[in-house]
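These notes concern the structure reproduced below.
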Amino acid sequence: MTIGGTGVMLVCSLATLAVFALIARALTPRLGGVTAIALSGCAWTVVAIGILTLLPAQWDTGIVPADGRPETCSMDYGGPAPDGFWILSGSQRMLNVAVFVPAGALWVLGVARWRRSWMLAPLGLAALGLYSAGIELLQFELARIDRSCDVTDVVDNITGVVLGGAIGVVLALVLRPWRQR
C-alpha cells in the first residue's frame, strides 16, 4: 500500500494550512498582522514543499526496488523531465522556481520588522537553498517514493528563493511591518 498522489498532497497541504493559520492568529497580537502572517505563511510553504516533493507523485507507485534506483544524483543540467510535469501544464523547471518564490518572499517580509533583518533575511534564504538540496538528497536516498534527484531542481529552487527574496523586499517597503505593534 502506498500513500501519495495529488489528492493526498492537497489534503495534507490544506490540513497544515489550517494549523499555520491558527499559529498566525495566535502570533498577531505580539508581532503584528503582517509579520505573523508572513512567518506562519513561510513555515507553511516549507511544510507544503516537503509534502509536494517527498510524497510519491502517483498514488499507485508501489515499491521501487533498491537495485532499480540510480546510483548518483543526476548532474545533467536540464533535468530528467524537461517536457513538463504532470500536475501543471508547462515546464517542470518553471514549477520548481514558482514553488520556492512564496517561501523566499514571506521570509524576507516576516523578518523585515527587526533591526537584524539585514542578517536574518540572507540567512533564511540560504537555509531555503539548503532545504532544497536536502530534499533532493532525500529523494535520492528514498528510492521507494519514485522521485528523482537532480541538480537542475536545486538550481531552479534557489532561483525561486532569490526571486521571492526580491519580492519580499518590495512587499516590506510597501507594507512596512516595522510600523506595526
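We label chains A, B, ... in the order they appear in the C-alpha cells, count residues from 1 in each chain, and number ligands from 1 in the order shown.
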Which residues, written as a PyMOL selection string, have at least one atom at most 7 Å from Gly4 in chain A, with only C-alpha atoms counted and residues fewer than 5 positions away on the same chain left out? chain A and resi 9+55-59
Nearest to Leu109 in chain A: which of A:Leu17, A:Val47, A:Cys42, A:Ala172 is it, counting only C-alpha atoms? A:Ala172
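Taking CA of Gly168 in chain A and CA of Ile37 in chain A as endpoints, the distance between them is 13.1 Å.
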Using only C-alpha atoms, find the one residue out of A:Gly164, A:Gly41, A:Gly5, A:Gly32 that sits nearest to Pro122 in chain A. A:Gly164
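Omitting range 156-158 of chain A and its sequence neighbours fewer than 3 positions away, and counting only C-alpha atoms, the residues within 10 Å are A:Gly78, A:Gln92, A:Arg93, A:Met94, A:Leu95, A:Asn96, A:Val97, A:Ala98, A:Val99, A:Phe100, A:Val101, A:Gly104, A:Leu125, A:Ala126, A:Leu128, A:Gly129, A:Leu130, A:Tyr131, A:Ser132, A:Ala133, A:Val151, A:Thr152, A:Asp153, A:Val161, A:Val162, A:Leu163, A:Gly164.
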Export, as a tab-separated table (two decimals), in the first residue's frame, the selected residues with N, CA and C atoms.
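Output (part33.tsv):
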chain	number	residue	atom	x	y	z
A	78	GLY	N	19.25	20.43	-16.81
A	78	GLY	CA	18.09	20.44	-17.71
A	78	GLY	C	17.05	19.48	-17.20
A	92	GLN	N	8.42	21.77	-15.93
A	92	GLN	CA	8.73	21.36	-14.57
A	92	GLN	C	9.69	22.35	-13.95
A	93	ARG	N	10.56	22.90	-14.75
A	93	ARG	CA	11.54	23.86	-14.23
A	93	ARG	C	10.83	25.12	-13.74
A	94	MET	N	9.83	25.58	-14.46
A	94	MET	CA	9.08	26.75	-14.03
A	94	MET	C	8.35	26.45	-12.72
A	95	LEU	N	7.82	25.26	-12.59
A	95	LEU	CA	7.15	24.86	-11.35
A	95	LEU	C	8.14	24.84	-10.19
A	96	ASN	N	9.35	24.33	-10.42
A	96	ASN	CA	10.37	24.30	-9.37
A	96	ASN	C	10.75	25.70	-8.91
A	97	VAL	N	10.78	26.64	-9.83
A	97	VAL	CA	11.06	28.04	-9.46
A	97	VAL	C	9.87	28.59	-8.67
A	98	ALA	N	8.67	28.42	-9.20
A	98	ALA	CA	7.47	29.01	-8.61
A	98	ALA	C	7.18	28.50	-7.20
A	99	VAL	N	7.49	27.26	-6.92
A	99	VAL	CA	7.18	26.68	-5.61
A	99	VAL	C	7.99	27.36	-4.50
A	100	PHE	N	9.18	27.83	-4.79
A	100	PHE	CA	10.03	28.43	-3.76
A	100	PHE	C	9.89	29.96	-3.66
A	101	VAL	N	9.24	30.60	-4.62
A	101	VAL	CA	9.08	32.06	-4.57
A	101	VAL	C	8.32	32.50	-3.32
A	104	GLY	N	10.54	32.42	-0.10
A	104	GLY	CA	11.53	33.50	-0.05
A	104	GLY	C	10.89	34.84	0.25
A	125	LEU	N	17.21	32.85	3.50
A	125	LEU	CA	17.21	32.49	2.08
A	125	LEU	C	18.24	31.38	1.82
A	126	ALA	N	19.39	31.47	2.46
A	126	ALA	CA	20.40	30.41	2.33
A	126	ALA	C	19.87	29.10	2.90
A	128	LEU	N	16.78	28.16	2.97
A	128	LEU	CA	15.83	27.62	2.00
A	128	LEU	C	16.57	26.92	0.85
A	129	GLY	N	17.70	27.48	0.43
A	129	GLY	CA	18.51	26.81	-0.59
A	129	GLY	C	19.03	25.47	-0.11
A	130	LEU	N	19.47	25.43	1.15
A	130	LEU	CA	19.94	24.16	1.73
A	130	LEU	C	18.79	23.17	1.88
A	131	TYR	N	17.60	23.67	2.19
A	131	TYR	CA	16.41	22.83	2.28
A	131	TYR	C	16.15	22.16	0.94
A	132	SER	N	16.28	22.91	-0.15
A	132	SER	CA	16.11	22.35	-1.49
A	132	SER	C	17.11	21.23	-1.75
A	133	ALA	N	18.36	21.47	-1.40
A	133	ALA	CA	19.39	20.43	-1.59
A	133	ALA	C	19.09	19.22	-0.71
A	151	VAL	N	20.25	17.97	-10.02
A	151	VAL	CA	20.89	19.25	-9.72
A	151	VAL	C	20.10	20.41	-10.32
A	152	THR	N	19.41	20.19	-11.41
A	152	THR	CA	18.61	21.24	-12.03
A	152	THR	C	17.52	21.73	-11.07
A	153	ASP	N	16.93	20.81	-10.32
A	153	ASP	CA	15.89	21.20	-9.36
A	153	ASP	C	16.46	22.14	-8.31
A	161	VAL	N	13.91	31.06	-4.73
A	161	VAL	CA	14.18	31.68	-3.43
A	161	VAL	C	14.68	33.11	-3.63
A	162	VAL	N	15.60	33.32	-4.55
A	162	VAL	CA	16.16	34.65	-4.79
A	162	VAL	C	15.09	35.60	-5.34
A	163	LEU	N	14.28	35.12	-6.30
A	163	LEU	CA	13.19	35.95	-6.82
A	163	LEU	C	12.20	36.29	-5.70
A	164	GLY	N	11.88	35.30	-4.89
A	164	GLY	CA	10.99	35.54	-3.76
A	164	GLY	C	11.57	36.54	-2.79
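For Trp107 in chain A, the non-local neighbours within 7 Å, defined as residues at least 3 positions apart in the same chain or in other chains and counting only C-alpha atoms, are Ala38, Leu39, Cys42, Ala103, Gly104, Gly110, Val111, Ala121 and Gly124 of chain A.
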